[in-house]
Structures are given as C-alpha cells and as structure tokens.
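File shown: entry.cif. Contents: mmCIF, C-alpha atoms.
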data_run
#
loop_
_atom_site.group_PDB
_atom_site.id
_atom_site.type_symbol
_atom_site.label_atom_id
_atom_site.label_comp_id
_atom_site.auth_asym_id
_atom_site.auth_seq_id
_atom_site.Cartn_x
_atom_site.Cartn_y
_atom_site.Cartn_z
ATOM 1 C CA MET A 22 -19.475 -11.424 13.624
ATOM 2 C CA ASN A 23 -21.790 -14.413 13.568
ATOM 3 C CA GLU A 24 -20.270 -15.934 10.437
ATOM 4 C CA SER A 25 -17.111 -18.007 10.436
ATOM 5 C CA ILE A 26 -13.840 -16.139 10.115
ATOM 6 C CA ARG A 27 -12.921 -18.579 7.355
ATOM 7 C CA LYS A 28 -15.570 -17.083 5.088
ATOM 8 C CA TYR A 29 -13.714 -13.782 4.994
ATOM 9 C CA MET A 30 -10.021 -14.631 5.214
ATOM 10 C CA LYS A 31 -7.337 -17.267 5.097
ATOM 11 C CA VAL A 32 -5.736 -17.221 8.531
ATOM 12 C CA GLY A 33 -1.981 -17.594 8.406
ATOM 13 C CA LEU A 34 0.989 -17.596 10.762
ATOM 14 C CA VAL A 35 4.464 -16.156 10.283
ATOM 15 C CA HIS A 36 6.511 -19.295 10.906
ATOM 16 C CA PHE A 37 9.957 -17.753 11.407
ATOM 17 C CA MET A 38 8.625 -15.202 13.891
ATOM 18 C CA ALA A 39 6.852 -17.787 16.061
ATOM 19 C CA TYR A 40 9.968 -19.948 15.843
ATOM 20 C CA PRO A 41 12.681 -17.272 15.613
ATOM 21 C CA TYR A 42 15.589 -19.694 15.615
ATOM 22 C CA THR A 43 14.652 -20.521 11.985
ATOM 23 C CA GLU A 44 14.879 -16.909 10.777
ATOM 24 C CA ASN A 45 18.419 -17.303 9.459
ATOM 25 C CA GLY A 46 17.371 -20.078 7.071
ATOM 26 C CA ASN A 47 18.511 -22.943 9.294
ATOM 27 C CA GLY A 48 17.350 -24.662 12.486
ATOM 28 C CA PRO A 49 14.403 -27.009 13.139
ATOM 29 C CA ILE A 50 12.402 -25.834 10.135
ATOM 30 C CA LEU A 51 10.728 -29.131 9.307
ATOM 31 C CA GLU A 52 9.772 -30.007 12.883
ATOM 32 C CA THR A 53 8.175 -26.635 13.548
ATOM 33 C CA LEU A 54 6.548 -26.440 10.132
ATOM 34 C CA LYS A 55 4.921 -29.821 10.743
ATOM 35 C CA LYS A 56 3.404 -28.492 13.984
ATOM 36 C CA LEU A 57 1.657 -25.749 12.045
ATOM 37 C CA ALA A 58 0.617 -28.082 9.255
ATOM 38 C CA LEU A 59 -1.137 -30.294 11.817
ATOM 39 C CA ASP A 60 -3.131 -27.320 13.118
ATOM 40 C CA ASP A 61 -6.151 -26.804 10.891
ATOM 41 C CA TYR A 62 -6.696 -23.313 12.310
ATOM 42 C CA PHE A 63 -4.136 -22.123 9.776
ATOM 43 C CA GLU A 64 -4.646 -22.251 6.031
ATOM 44 C CA VAL A 65 -1.472 -20.343 5.218
ATOM 45 C CA VAL A 66 2.062 -20.409 6.559
ATOM 46 C CA GLU A 67 4.529 -17.611 5.927
ATOM 47 C CA ILE A 68 8.081 -18.829 5.504
ATOM 48 C CA THR A 69 11.394 -17.197 4.720
ATOM 49 C CA TRP A 70 14.580 -18.499 3.160
ATOM 50 C CA ILE A 71 15.502 -22.124 3.685
ATOM 51 C CA LYS A 72 19.148 -22.480 2.819
ATOM 52 C CA ASP A 73 19.296 -26.245 2.357
ATOM 53 C CA LEU A 74 17.748 -27.465 -0.903
ATOM 54 C CA GLU A 75 16.709 -30.834 0.521
ATOM 55 C CA ILE A 76 15.048 -29.155 3.498
ATOM 56 C CA ARG A 77 13.162 -26.895 1.073
ATOM 57 C CA LYS A 78 11.904 -29.920 -0.831
ATOM 58 C CA LYS A 79 10.697 -31.575 2.359
ATOM 59 C CA ALA A 80 9.112 -28.348 3.582
ATOM 60 C CA LYS A 81 7.226 -27.975 0.312
ATOM 61 C CA LYS A 82 6.015 -31.551 0.635
ATOM 62 C CA ILE A 83 4.698 -30.903 4.165
ATOM 63 C CA ILE A 84 2.767 -27.867 2.948
ATOM 64 C CA GLU A 85 1.349 -29.617 -0.100
ATOM 65 C CA THR A 86 0.395 -32.778 1.800
ATOM 66 C CA SER A 87 -1.420 -30.842 4.527
ATOM 67 C CA HIS A 88 -3.438 -28.784 2.013
ATOM 68 C CA MET A 89 -1.886 -25.502 3.168
ATOM 69 C CA GLU A 90 -0.772 -22.522 1.143
ATOM 70 C CA LEU A 91 2.356 -20.470 1.704
ATOM 71 C CA THR A 92 3.698 -16.992 1.260
ATOM 72 C CA TYR A 93 7.346 -15.982 1.250
ATOM 73 C CA ALA A 94 8.856 -13.231 3.388
ATOM 74 C CA GLY A 95 12.068 -11.814 2.008
ATOM 75 C CA MET A 96 12.555 -9.444 4.937
ATOM 76 C CA PRO A 97 14.914 -11.731 6.924
ATOM 77 C CA ARG A 98 17.162 -11.990 3.864
ATOM 78 C CA LEU A 99 17.798 -8.255 4.208
ATOM 79 C CA LEU A 100 17.588 -7.808 7.970
ATOM 80 C CA THR A 101 19.950 -10.625 8.923
ATOM 81 C CA THR A 102 22.505 -9.498 6.314
ATOM 82 C CA LYS A 103 21.975 -5.747 6.993
ATOM 83 C CA GLN A 104 21.366 -5.086 3.297
ATOM 84 C CA ASN A 105 19.418 -2.112 1.956
ATOM 85 C CA ILE A 106 17.681 -1.953 -1.415
ATOM 86 C CA ASN A 107 17.532 1.827 -1.304
ATOM 87 C CA SER A 108 21.196 2.279 -0.429
ATOM 88 C CA LEU A 109 22.734 5.207 -2.287
ATOM 89 C CA TYR A 110 25.868 3.105 -2.794
ATOM 90 C CA GLU A 111 25.161 1.212 -5.991
ATOM 91 C CA GLU A 112 27.254 -1.816 -5.093
ATOM 92 C CA GLU A 113 25.290 -2.230 -1.844
ATOM 93 C CA ARG A 114 21.958 -1.731 -3.604
ATOM 94 C CA LEU A 115 22.758 -4.316 -6.264
ATOM 95 C CA LEU A 116 23.790 -6.821 -3.604
ATOM 96 C CA ALA A 117 20.452 -6.405 -1.821
ATOM 97 C CA VAL A 118 18.418 -6.620 -5.025
ATOM 98 C CA SER A 119 20.315 -9.748 -6.058
ATOM 99 C CA ASN A 120 19.569 -11.292 -2.666
ATOM 100 C CA LEU A 121 15.848 -10.597 -3.101
ATOM 101 C CA LYS A 122 15.877 -11.976 -6.639
ATOM 102 C CA GLU A 123 17.244 -15.222 -5.211
ATOM 103 C CA GLY A 124 14.364 -15.083 -2.748
ATOM 104 C CA ILE A 125 11.887 -14.650 -5.596
ATOM 105 C CA ASP A 126 13.361 -17.733 -7.264
ATOM 106 C CA GLU A 127 12.981 -19.661 -4.018
ATOM 107 C CA ALA A 128 9.411 -18.411 -3.577
ATOM 108 C CA TYR A 129 8.488 -19.673 -7.030
ATOM 109 C CA GLU A 130 10.228 -22.962 -6.287
ATOM 110 C CA MET A 131 8.101 -23.349 -3.159
ATOM 111 C CA GLY A 132 4.858 -22.335 -4.898
ATOM 112 C CA ALA A 133 4.325 -19.166 -2.852
ATOM 113 C CA LEU A 134 1.278 -16.925 -3.267
ATOM 114 C CA ASP A 135 3.350 -13.785 -2.882
ATOM 115 C CA PHE A 136 6.806 -12.472 -2.071
ATOM 116 C CA ALA A 137 7.318 -9.659 0.451
ATOM 117 C CA PHE A 138 10.210 -7.344 1.259
ATOM 118 C CA LEU A 139 10.857 -4.096 3.117
ATOM 119 C CA SER A 140 12.456 -0.786 2.314
ATOM 120 C CA GLY A 141 15.721 0.194 3.925
ATOM 121 C CA LYS A 142 17.075 2.914 6.162
ATOM 122 C CA TYR A 143 17.678 6.426 4.890
ATOM 123 C CA SER A 144 19.008 9.825 5.904
ATOM 124 C CA ILE A 145 16.687 12.811 6.187
ATOM 125 C CA GLU A 146 19.084 14.909 4.099
ATOM 126 C CA LYS A 147 18.941 12.488 1.159
ATOM 127 C CA LYS A 148 15.431 11.132 1.620
ATOM 128 C CA GLU A 149 14.284 11.925 -1.927
ATOM 129 C CA GLU A 150 17.352 10.237 -3.393
ATOM 130 C CA ALA A 151 16.678 7.158 -1.272
ATOM 131 C CA TYR A 152 13.044 7.203 -2.388
ATOM 132 C CA ARG A 153 14.001 7.299 -6.087
ATOM 133 C CA THR A 154 16.462 4.458 -5.486
ATOM 134 C CA LEU A 155 13.730 2.429 -3.788
ATOM 135 C CA VAL A 156 11.395 2.972 -6.732
ATOM 136 C CA ASN A 157 14.057 1.789 -9.169
ATOM 137 C CA SER A 158 14.845 -1.295 -7.085
ATOM 138 C CA THR A 159 11.143 -2.127 -6.709
ATOM 139 C CA LYS A 160 10.556 -1.897 -10.436
ATOM 140 C CA GLU A 161 13.529 -4.186 -10.994
ATOM 141 C CA LEU A 162 12.068 -6.743 -8.578
ATOM 142 C CA CYS A 163 8.594 -6.536 -10.116
ATOM 143 C CA THR A 164 10.026 -7.002 -13.599
ATOM 144 C CA TYR A 165 12.035 -9.996 -12.441
ATOM 145 C CA ALA A 166 9.080 -11.606 -10.669
ATOM 146 C CA LYS A 167 6.820 -11.059 -13.682
ATOM 147 C CA SER A 168 9.348 -12.727 -15.979
ATOM 148 C CA LYS A 169 9.010 -15.901 -13.872
ATOM 149 C CA GLY A 170 5.214 -16.119 -13.514
ATOM 150 C CA ASN A 171 2.212 -14.514 -11.839
ATOM 151 C CA MET A 172 3.318 -14.329 -8.210
ATOM 152 C CA LYS A 173 2.535 -11.036 -6.484
ATOM 153 C CA VAL A 174 5.217 -8.840 -4.935
ATOM 154 C CA ALA A 175 4.446 -6.867 -1.761
ATOM 155 C CA LEU A 176 6.289 -4.230 0.209
ATOM 156 C CA GLU A 177 5.570 -4.340 3.923
ATOM 157 C CA VAL A 178 5.019 -0.947 5.527
ATOM 158 C CA PHE A 179 7.330 -0.523 8.539
ATOM 159 C CA ASP A 180 8.146 2.255 10.993
ATOM 160 C CA TYR A 181 10.340 5.124 9.832
ATOM 161 C CA ASP A 182 11.896 6.307 13.113
ATOM 162 C CA VAL A 183 11.409 3.701 15.868
ATOM 163 C CA ASP A 184 13.052 0.356 15.117
ATOM 164 C CA LYS A 185 13.521 -0.678 11.488
ATOM 165 C CA CYS A 186 13.545 2.995 10.403
ATOM 166 C CA SER A 187 12.506 2.136 6.855
ATOM 167 C CA ILE A 188 11.725 4.858 4.365
ATOM 168 C CA ILE A 189 8.259 3.312 3.739
ATOM 169 C CA GLY A 190 7.005 4.502 6.028
ATOM 170 C CA PRO A 191 4.402 7.156 6.737
ATOM 171 C CA VAL A 192 1.113 6.871 4.874
ATOM 172 C CA GLU A 193 1.646 9.930 2.659
ATOM 173 C CA LEU A 194 4.882 8.564 1.219
ATOM 174 C CA THR A 195 3.496 5.031 1.133
ATOM 175 C CA LYS A 196 0.605 6.226 -1.036
ATOM 176 C CA ARG A 197 2.900 8.111 -3.391
ATOM 177 C CA TYR A 198 5.163 5.083 -3.691
ATOM 178 C CA VAL A 199 2.541 2.404 -4.309
ATOM 179 C CA GLU A 200 0.669 4.560 -6.821
ATOM 180 C CA GLU A 201 3.878 5.165 -8.744
ATOM 181 C CA ILE A 202 4.779 1.470 -8.887
ATOM 182 C CA CYS A 203 1.256 0.283 -9.710
ATOM 183 C CA LYS A 204 0.976 2.655 -12.669
ATOM 184 C CA GLU A 205 3.496 0.405 -14.360
ATOM 185 C CA TYR A 206 3.142 -2.974 -12.621
ATOM 186 C CA ASP A 207 0.015 -5.008 -11.907
ATOM 187 C CA ASN A 208 1.877 -7.577 -9.794
ATOM 188 C CA PHE A 209 2.639 -5.219 -6.911
ATOM 189 C CA GLY A 210 0.888 -4.204 -3.697
ATOM 190 C CA LEU A 211 1.266 -3.467 -0.005
ATOM 191 C CA MET A 212 1.484 -5.574 3.120
ATOM 192 C CA VAL A 213 0.083 -3.834 6.199
ATOM 193 C CA ASP A 214 0.680 -4.804 9.815
ATOM 194 C CA LEU A 215 -1.308 -3.848 12.915
ATOM 195 C CA SER A 216 1.851 -3.927 15.027
ATOM 196 C CA HIS A 217 3.439 -1.164 12.957
ATOM 197 C CA LEU A 218 0.577 1.326 13.251
ATOM 198 C CA PRO A 219 1.430 2.526 16.795
ATOM 199 C CA GLN A 220 5.059 2.832 15.684
ATOM 200 C CA LEU A 221 3.902 4.986 12.768
ATOM 201 C CA ARG A 222 1.676 6.987 15.128
ATOM 202 C CA GLU A 223 -1.250 6.424 12.776
ATOM 203 C CA THR A 224 -4.724 5.109 13.499
ATOM 204 C CA VAL A 225 -6.031 2.128 11.568
ATOM 205 C CA GLY A 226 -8.163 4.377 9.386
ATOM 206 C CA GLU A 227 -5.397 6.915 8.784
ATOM 207 C CA SER A 228 -2.960 4.216 7.746
ATOM 208 C CA LEU A 229 -5.170 1.869 5.706
ATOM 209 C CA ILE A 230 -7.932 3.864 4.025
ATOM 210 C CA PRO A 231 -5.684 6.055 1.803
ATOM 211 C CA VAL A 232 -4.018 2.924 0.366
ATOM 212 C CA LYS A 233 -7.009 0.585 0.533
ATOM 213 C CA ASP A 234 -6.926 -0.273 -3.175
ATOM 214 C CA TYR A 235 -3.358 -1.530 -2.956
ATOM 215 C CA ILE A 236 -3.403 -3.802 0.112
ATOM 216 C CA ILE A 237 -2.739 -7.429 -0.870
ATOM 217 C CA HIS A 238 -1.574 -8.893 2.451
ATOM 218 C CA ALA A 239 -2.204 -8.178 6.136
ATOM 219 C CA HIS A 240 -0.470 -9.044 9.401
ATOM 220 C CA ILE A 241 -1.758 -8.884 12.961
ATOM 221 C CA GLY A 242 0.823 -8.315 15.658
ATOM 222 C CA ASN A 243 1.672 -6.374 18.793
ATOM 223 C CA THR A 244 4.310 -3.851 19.863
ATOM 224 C CA VAL A 245 5.704 -2.029 22.881
ATOM 225 C CA ILE A 246 6.495 1.655 22.354
ATOM 226 C CA LYS A 247 5.720 3.303 25.710
ATOM 227 C CA ASP A 248 8.993 2.327 27.382
ATOM 228 C CA LYS A 249 12.246 2.472 25.406
ATOM 229 C CA LEU A 250 14.001 0.628 28.212
ATOM 230 C CA CYS A 251 11.745 -2.421 27.882
ATOM 231 C CA PRO A 252 13.585 -5.308 26.190
ATOM 232 C CA ALA A 253 10.451 -5.859 24.077
ATOM 233 C CA TYR A 254 10.468 -2.259 22.826
ATOM 234 C CA GLY A 255 9.992 -1.690 19.108
ATOM 235 C CA ASP A 256 9.255 -4.167 16.366
ATOM 236 C CA THR A 257 9.536 -7.341 18.457
ATOM 237 C CA HIS A 258 5.977 -8.695 18.073
ATOM 238 C CA PRO A 259 5.307 -9.778 21.675
ATOM 239 C CA ARG A 260 2.223 -11.778 22.547
ATOM 240 C CA PHE A 261 -1.134 -10.067 22.840
ATOM 241 C CA GLY A 262 -1.702 -8.792 26.357
ATOM 242 C CA PHE A 263 2.029 -8.283 26.951
ATOM 243 C CA PRO A 264 2.625 -5.687 29.726
ATOM 244 C CA ASP A 265 2.464 -2.077 28.489
ATOM 245 C CA SER A 266 1.927 -3.179 24.890
ATOM 246 C CA GLU A 267 -0.334 -1.489 22.359
ATOM 247 C CA ASN A 268 -2.514 -4.197 20.818
ATOM 248 C CA ASP A 269 -4.908 -6.743 22.229
ATOM 249 C CA VAL A 270 -8.394 -8.017 21.401
ATOM 250 C CA GLU A 271 -9.996 -4.575 21.119
ATOM 251 C CA GLU A 272 -7.331 -3.245 18.744
ATOM 252 C CA ILE A 273 -7.436 -6.388 16.611
ATOM 253 C CA ALA A 274 -11.216 -5.998 16.310
ATOM 254 C CA ALA A 275 -10.869 -2.360 15.227
ATOM 255 C CA TYR A 276 -8.287 -3.389 12.612
ATOM 256 C CA LEU A 277 -10.528 -6.152 11.274
ATOM 257 C CA LYS A 278 -13.490 -3.768 11.072
ATOM 258 C CA VAL A 279 -11.538 -1.399 8.848
ATOM 259 C CA LEU A 280 -10.222 -4.243 6.705
ATOM 260 C CA LEU A 281 -13.819 -5.377 6.285
ATOM 261 C CA SER A 282 -15.137 -1.878 5.528
ATOM 262 C CA ILE A 283 -12.578 -1.286 2.750
ATOM 263 C CA GLY A 284 -13.362 -4.623 1.137
ATOM 264 C CA TYR A 285 -10.101 -6.370 1.931
ATOM 265 C CA LEU A 286 -11.898 -8.997 3.984
ATOM 266 C CA ASN A 287 -14.452 -10.546 1.671
ATOM 267 C CA LYS A 288 -16.122 -13.809 0.745
ATOM 268 C CA LYS A 289 -15.440 -13.742 -3.000
ATOM 269 C CA ASN A 290 -11.663 -13.694 -2.905
ATOM 270 C CA ARG A 291 -10.561 -14.512 0.640
ATOM 271 C CA PRO A 292 -7.298 -12.717 1.428
ATOM 272 C CA VAL A 293 -4.418 -13.741 3.674
ATOM 273 C CA VAL A 294 -4.413 -12.358 7.226
ATOM 274 C CA SER A 295 -1.508 -13.725 9.229
ATOM 275 C CA LEU A 296 -0.756 -13.645 12.923
ATOM 276 C CA GLU A 297 2.771 -12.479 13.649
ATOM 277 C CA VAL A 298 3.909 -13.135 17.209
ATOM 278 C CA LYS A 299 7.286 -13.882 18.760
ATOM 279 C CA PRO A 300 8.231 -15.470 22.091
ATOM 280 C CA TYR A 301 9.723 -13.088 24.611
ATOM 281 C CA GLY A 302 12.646 -14.429 26.634
ATOM 282 C CA GLU A 303 11.969 -18.045 27.598
ATOM 283 C CA GLU A 304 8.328 -18.085 26.513
ATOM 284 C CA ASP A 305 7.116 -21.241 24.774
ATOM 285 C CA PRO A 306 6.406 -20.591 21.057
ATOM 286 C CA ASP A 307 3.424 -22.941 21.062
ATOM 287 C CA LEU A 308 1.812 -21.030 23.931
ATOM 288 C CA ILE A 309 2.389 -17.759 22.079
ATOM 289 C CA ILE A 310 0.610 -19.211 19.044
ATOM 290 C CA ALA A 311 -2.307 -20.349 21.222
ATOM 291 C CA ASN A 312 -2.485 -16.829 22.674
ATOM 292 C CA ALA A 313 -2.701 -15.321 19.178
ATOM 293 C CA LYS A 314 -5.445 -17.692 18.057
ATOM 294 C CA ARG A 315 -7.549 -16.912 21.122
ATOM 295 C CA ALA A 316 -7.060 -13.170 20.653
ATOM 296 C CA LEU A 317 -8.108 -13.361 17.005
ATOM 297 C CA ASN A 318 -11.177 -15.452 17.833
ATOM 298 C CA LEU A 319 -12.268 -13.018 20.542
ATOM 299 C CA ALA A 320 -11.678 -10.057 18.242
ATOM 300 C CA TRP A 321 -13.705 -11.628 15.434
ATOM 301 C CA ASP A 322 -16.618 -11.970 17.848
ATOM 302 C CA GLN A 323 -16.551 -8.180 18.172
ATOM 303 C CA VAL A 324 -16.530 -7.435 14.442
#

Transcribe the structure of this file into structure tokens.
Amino acid sequence: MNESIRKYMKVGLVHFMAYPYTENGNGPILETLKKLALDDYFEVVEITWIKDLEIRKKAKKIIETSHMELTYAGMPRLLTTKQNINSLYEEERLLAVSNLKEGIDEAYEMGALDFAFLSGKYSIEKKEEAYRTLVNSTKELCTYAKSKGNMKVALEVFDYDVDKCSIIGPVELTKRYVEEICKEYDNFGLMVDLSHLPQLRETVGESLIPVKDYIIHAHIGNTVIKDKLCPAYGDTHPRFGFPDSENDVEEIAAYLKVLLSIGYLNKKNRPVVSLEVKPYGEEDPDLIIANAKRALNLAWDQV
C-alpha cells in the first residue's frame, strides 16, 4: 500500500499485554502508559482496570494531554478473578456481570471509545444453556452501557478448545450470537484477533467475512499452537517471528487485506486496529513493541 497506514486505521497497542505486570490493575501503570503516550506511532491505547482512583485520574490526564484515545478491555477483570458471565450458576453469573458493569463505569470515567469482554467456559453437554445465559448477560451489559451514554460494547472472539475455551467461539456460533444481540442493540459488535484464528482453525476469510458487518474492533497478535509443550503455547501473544509461531509479516498482510476488502479499514471512519504482543520470559517489553511496529509496517507495504 502506497498510502499511509494512518489514512485507514488508528493504530493502537494493548497496554496491559505489553506490560503484563499491570494486568491486575496495579503496578507501574503511569510510567508505562507515559512511554506509549510519547510514541506518536500509536493513536490509541487499550487499558484495563486501574484499581486506584488517583492513578486512574493521572492516567486519563496522560492520555488527554498526549492527544491519544483509549479503549477499555474488561477481559482481565474476568480472567484474573476466574469469573464467567455464562456460568449456569446464577450467583456466579451475577458476580461476573456486576464486575463488568463496574468496568463499564470505569470505561466511561476514562472516556473510552468502547468496552470489551469475553465469553466464558462451557460444557459440551450444556452448551445451548450456556449460550442462552451468555445472550442474557450480554443484553444486560448492553442495556447498562446504553443507560450511561453512547459507548460501544464488544465481545472478543476467542478459542473454544485450546486455551481460554470460551463459548464464542467458532464462526457459526459467533454469527448466530452477534446477529441475535444486534437485532435488539445498536451499541454492540465484535472484536476480532489475528492471534485467535489459528486457535479456531479458521482462515482469515472464513472467520471474518461471515461477520463482517458486526466487526467494530480488531487486534493483531501471534500464537503458538504446534507444540503443546512450548511454554508459549496457546493464547500468550508472543512476538512476531517467535519460533514455531503462526503469524508474522505475511499473515498480518493477509489479515489486513481482508479487513480492507470488507470495508473495516477505510478512510471515512478510521477504525481501531491494535497490536497485542506480550514479552516471553525475560524479553524486554519495549523491544517487543518495536518488533510489532516493524512487522505491521512491513505488512502494510504488502497490502
């Protein structure tokens, strides 16, 4: 592509993945957030919960002062607490939904563009029951978010049998789910992630084209699925070019081409496309971020 990447998307970075010691809502949030704010490659930063109110205020100030935008990822609120919004135990479900509602409040407080979450684990025997429970929980979240303002709500599509083992999930069920929610709610959509496609055993076209009208957020990441004994196996988002991993420049380019062909990438209403990478072992987070930027630049040249 000869034109600037900025004409077609707002490039973001998932802050708590690049700096994983902030994922639990604590740690050096302000110091690491400032690093990203000083890097004009990124227009958007994706944050998660920040438990301290004063830290949240300072974080919001950093983002506003640097002319960045932010999105809010509610996934760590569920993953670190092992909560499940499609639990068939009502007390557990309500606890998870309440947690996400607090996240929605925090996202509004921070001025987020959207709020994302993930579906939970399920049993094959009671899959339909778990699906109906997920639909009910999603509608509850969409209603709550709409009562507060115009912020979008997104479910991120994860694997269903590799790592997170979320019910959403394979593209057929994803399509059924998003169509059902969007019949009633105009503030809902999907977040897709390149790193999850190999885990779903779906090509870019198979995974994205059937739900193209509902995609409101996109991630670019990597995964290792060839070797279950590898410490980076599963949904760990290693750097691009990691040994025996699935995604590098060529795969990113193919992903971007499909996103462009379905109209997600466009000049009129530039969408968010965020890099999601995590240091492996003792790797330096800043080097991992540099790796991701180079990979995206090289991939864009091939679009």

The PyMOL selection byres ((chain A and resi 284) around 12) applied to the shown file, residues as a PyMOL selection string
chain A and resi 29-30+229-230+233-237+277-283+285-292

Output C-alpha atoms for every residue in that selection, as an mmCIF file, in the frame of the given file.
data_model
loop_
_atom_site.group_PDB
_atom_site.id
_atom_site.type_symbol
_atom_site.label_atom_id
_atom_site.label_comp_id
_atom_site.auth_asym_id
_atom_site.auth_seq_id
_atom_site.Cartn_x
_atom_site.Cartn_y
_atom_site.Cartn_z
ATOM 1 C CA TYR A 29 -13.714 -13.782 4.994
ATOM 2 C CA MET A 30 -10.021 -14.631 5.214
ATOM 3 C CA LEU A 229 -5.170 1.869 5.706
ATOM 4 C CA ILE A 230 -7.932 3.864 4.025
ATOM 5 C CA LYS A 233 -7.009 0.585 0.533
ATOM 6 C CA ASP A 234 -6.926 -0.273 -3.175
ATOM 7 C CA TYR A 235 -3.358 -1.530 -2.956
ATOM 8 C CA ILE A 236 -3.403 -3.802 0.112
ATOM 9 C CA ILE A 237 -2.739 -7.429 -0.870
ATOM 10 C CA LEU A 277 -10.528 -6.152 11.274
ATOM 11 C CA LYS A 278 -13.490 -3.768 11.072
ATOM 12 C CA VAL A 279 -11.538 -1.399 8.848
ATOM 13 C CA LEU A 280 -10.222 -4.243 6.705
ATOM 14 C CA LEU A 281 -13.819 -5.377 6.285
ATOM 15 C CA SER A 282 -15.137 -1.878 5.528
ATOM 16 C CA ILE A 283 -12.578 -1.286 2.750
ATOM 17 C CA TYR A 285 -10.101 -6.370 1.931
ATOM 18 C CA LEU A 286 -11.898 -8.997 3.984
ATOM 19 C CA ASN A 287 -14.452 -10.546 1.671
ATOM 20 C CA LYS A 288 -16.122 -13.809 0.745
ATOM 21 C CA LYS A 289 -15.440 -13.742 -3.000
ATOM 22 C CA ASN A 290 -11.663 -13.694 -2.905
ATOM 23 C CA ARG A 291 -10.561 -14.512 0.640
ATOM 24 C CA PRO A 292 -7.298 -12.717 1.428
#

Grab the CA of Pro252 (chain A) to CA of Glu304 (chain A) distance for me, in Å with one decimal place.
13.8 Å

Can you pull out every residue within 8 Å of Ser108 (chain A), counting all atoms listed in the file, but drop anything in the same chain fewer than 3 positions away, and send it as a short mmCIF file (atom, residue, chain, number, x, y, z; two decimals) with C-alpha atoms, in the coordinates of the input?
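Final file, out30.cif:
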data_model
loop_
_atom_site.label_atom_id
_atom_site.label_comp_id
_atom_site.auth_asym_id
_atom_site.auth_seq_id
_atom_site.Cartn_x
_atom_site.Cartn_y
_atom_site.Cartn_z
CA ASN A 105 19.42 -2.11 1.96
CA GLU A 111 25.16 1.21 -5.99
CA GLU A 113 25.29 -2.23 -1.84
CA ARG A 114 21.96 -1.73 -3.60
CA GLY A 141 15.72 0.19 3.92
CA LYS A 142 17.08 2.91 6.16
CA TYR A 143 17.68 6.43 4.89
CA ALA A 151 16.68 7.16 -1.27
CA THR A 154 16.46 4.46 -5.49
#

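Around the point (17.1, -17.8, 20.1), within 10 Å and counting all atoms listed in the file, we find these residues: Tyr40, Pro41, Tyr42, Thr43, Glu44, Pro300, Tyr301, Gly302 and Glu303 of chain A.
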
For this structure, which residues satisfy the selection - the PyMOL selection byres ((chain A and resi 238-247) around 9) - when it is evaluated on the file as given? I want them as a ChimeraX atom specification.
/A:33-35,135,175,177,183,210-217,219-220,236-237,248-249,251,253-269,273,276,280,285,292-298,313,317

Evaluate the PyMOL selection byres ((chain A and resi 189) around 9) against this structure - the residues, as a short mmCIF file (atom, residue, chain, number, x, y, z; two decimals) with C-alpha atoms, in the coordinates of the input, please.
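Result written to out-v2.cif:
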data_model
loop_
_atom_site.label_atom_id
_atom_site.label_comp_id
_atom_site.auth_asym_id
_atom_site.auth_seq_id
_atom_site.Cartn_x
_atom_site.Cartn_y
_atom_site.Cartn_z
CA LEU A 139 10.86 -4.10 3.12
CA SER A 140 12.46 -0.79 2.31
CA GLY A 141 15.72 0.19 3.92
CA TYR A 152 13.04 7.20 -2.39
CA LEU A 176 6.29 -4.23 0.21
CA GLU A 177 5.57 -4.34 3.92
CA VAL A 178 5.02 -0.95 5.53
CA PHE A 179 7.33 -0.52 8.54
CA ASP A 180 8.15 2.26 10.99
CA TYR A 181 10.34 5.12 9.83
CA CYS A 186 13.54 3.00 10.40
CA SER A 187 12.51 2.14 6.86
CA ILE A 188 11.72 4.86 4.36
CA GLY A 190 7.00 4.50 6.03
CA PRO A 191 4.40 7.16 6.74
CA VAL A 192 1.11 6.87 4.87
CA LEU A 194 4.88 8.56 1.22
CA THR A 195 3.50 5.03 1.13
CA TYR A 198 5.16 5.08 -3.69
#

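For the choices A:Thr159, A:Thr53, A:Ser25, A:Ser168, the atom-to-atom distance to Asn107 (chain A) is smallest for A:Thr159 when using only C-alpha atoms.
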
Point (9.8, -12.4, 2.9), cut-off 10 Å, counting only C-alpha atoms, residues as a list in words:
Val35, Glu67, Ile68, Thr69, Trp70, Thr92, Tyr93, Ala94, Gly95, Met96, Pro97, Arg98, Leu99, Leu121, Gly124, Ile125, Ala128, Asp135, Phe136, Ala137, Phe138, Leu139, Val174, Ala175, Leu176 and Glu177 of chain A

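Here CA of Ala311 (chain A) and CA of Val65 (chain A) stand 16.0 Å from one another.
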
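Across the model, the gap from CA of Tyr165 (chain A) to CA of Lys81 (chain A) is 22.6 Å.
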
Residues near Met131 (chain A), cut-off 8 Å, only C-alpha atoms, skip fewer than 4 positions along chain, as a ChimeraX atom specification:
/A:77-78,81,127

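Comparing the minimum interatomic distances between Val156 (chain A) and each of A:Met172, A:Ala133, A:Leu218, A:Val199, counting only C-alpha atoms, we find that A:Val199 sits nearest.
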
Which of these, A:Ile145, A:Leu74, A:Ile310, A:Ala316, has the shortest distance to Asp60 (chain A) once you count all atoms listed in the file?
A:Ile310

Please put the answer as AutoDock Vina command-line options: centre and edge lengths, in Å with one decimal, of a box along x, y and z that encloses all listed atoms of region 107-112 of chain A plus 6 Å on each side.
--center_x 22.4 --center_y 1.7 --center_z -3.2 --size_x 21.7 --size_y 19.0 --size_z 17.6

Taking into account all atoms listed in the file, which residue in the set A:Phe37, A:Ala275, A:Glu227, A:Ala117 is nearest to Lys299 (chain A)?
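Of the candidates, the smallest distance to Lys299 (chain A) is held by A:Phe37.
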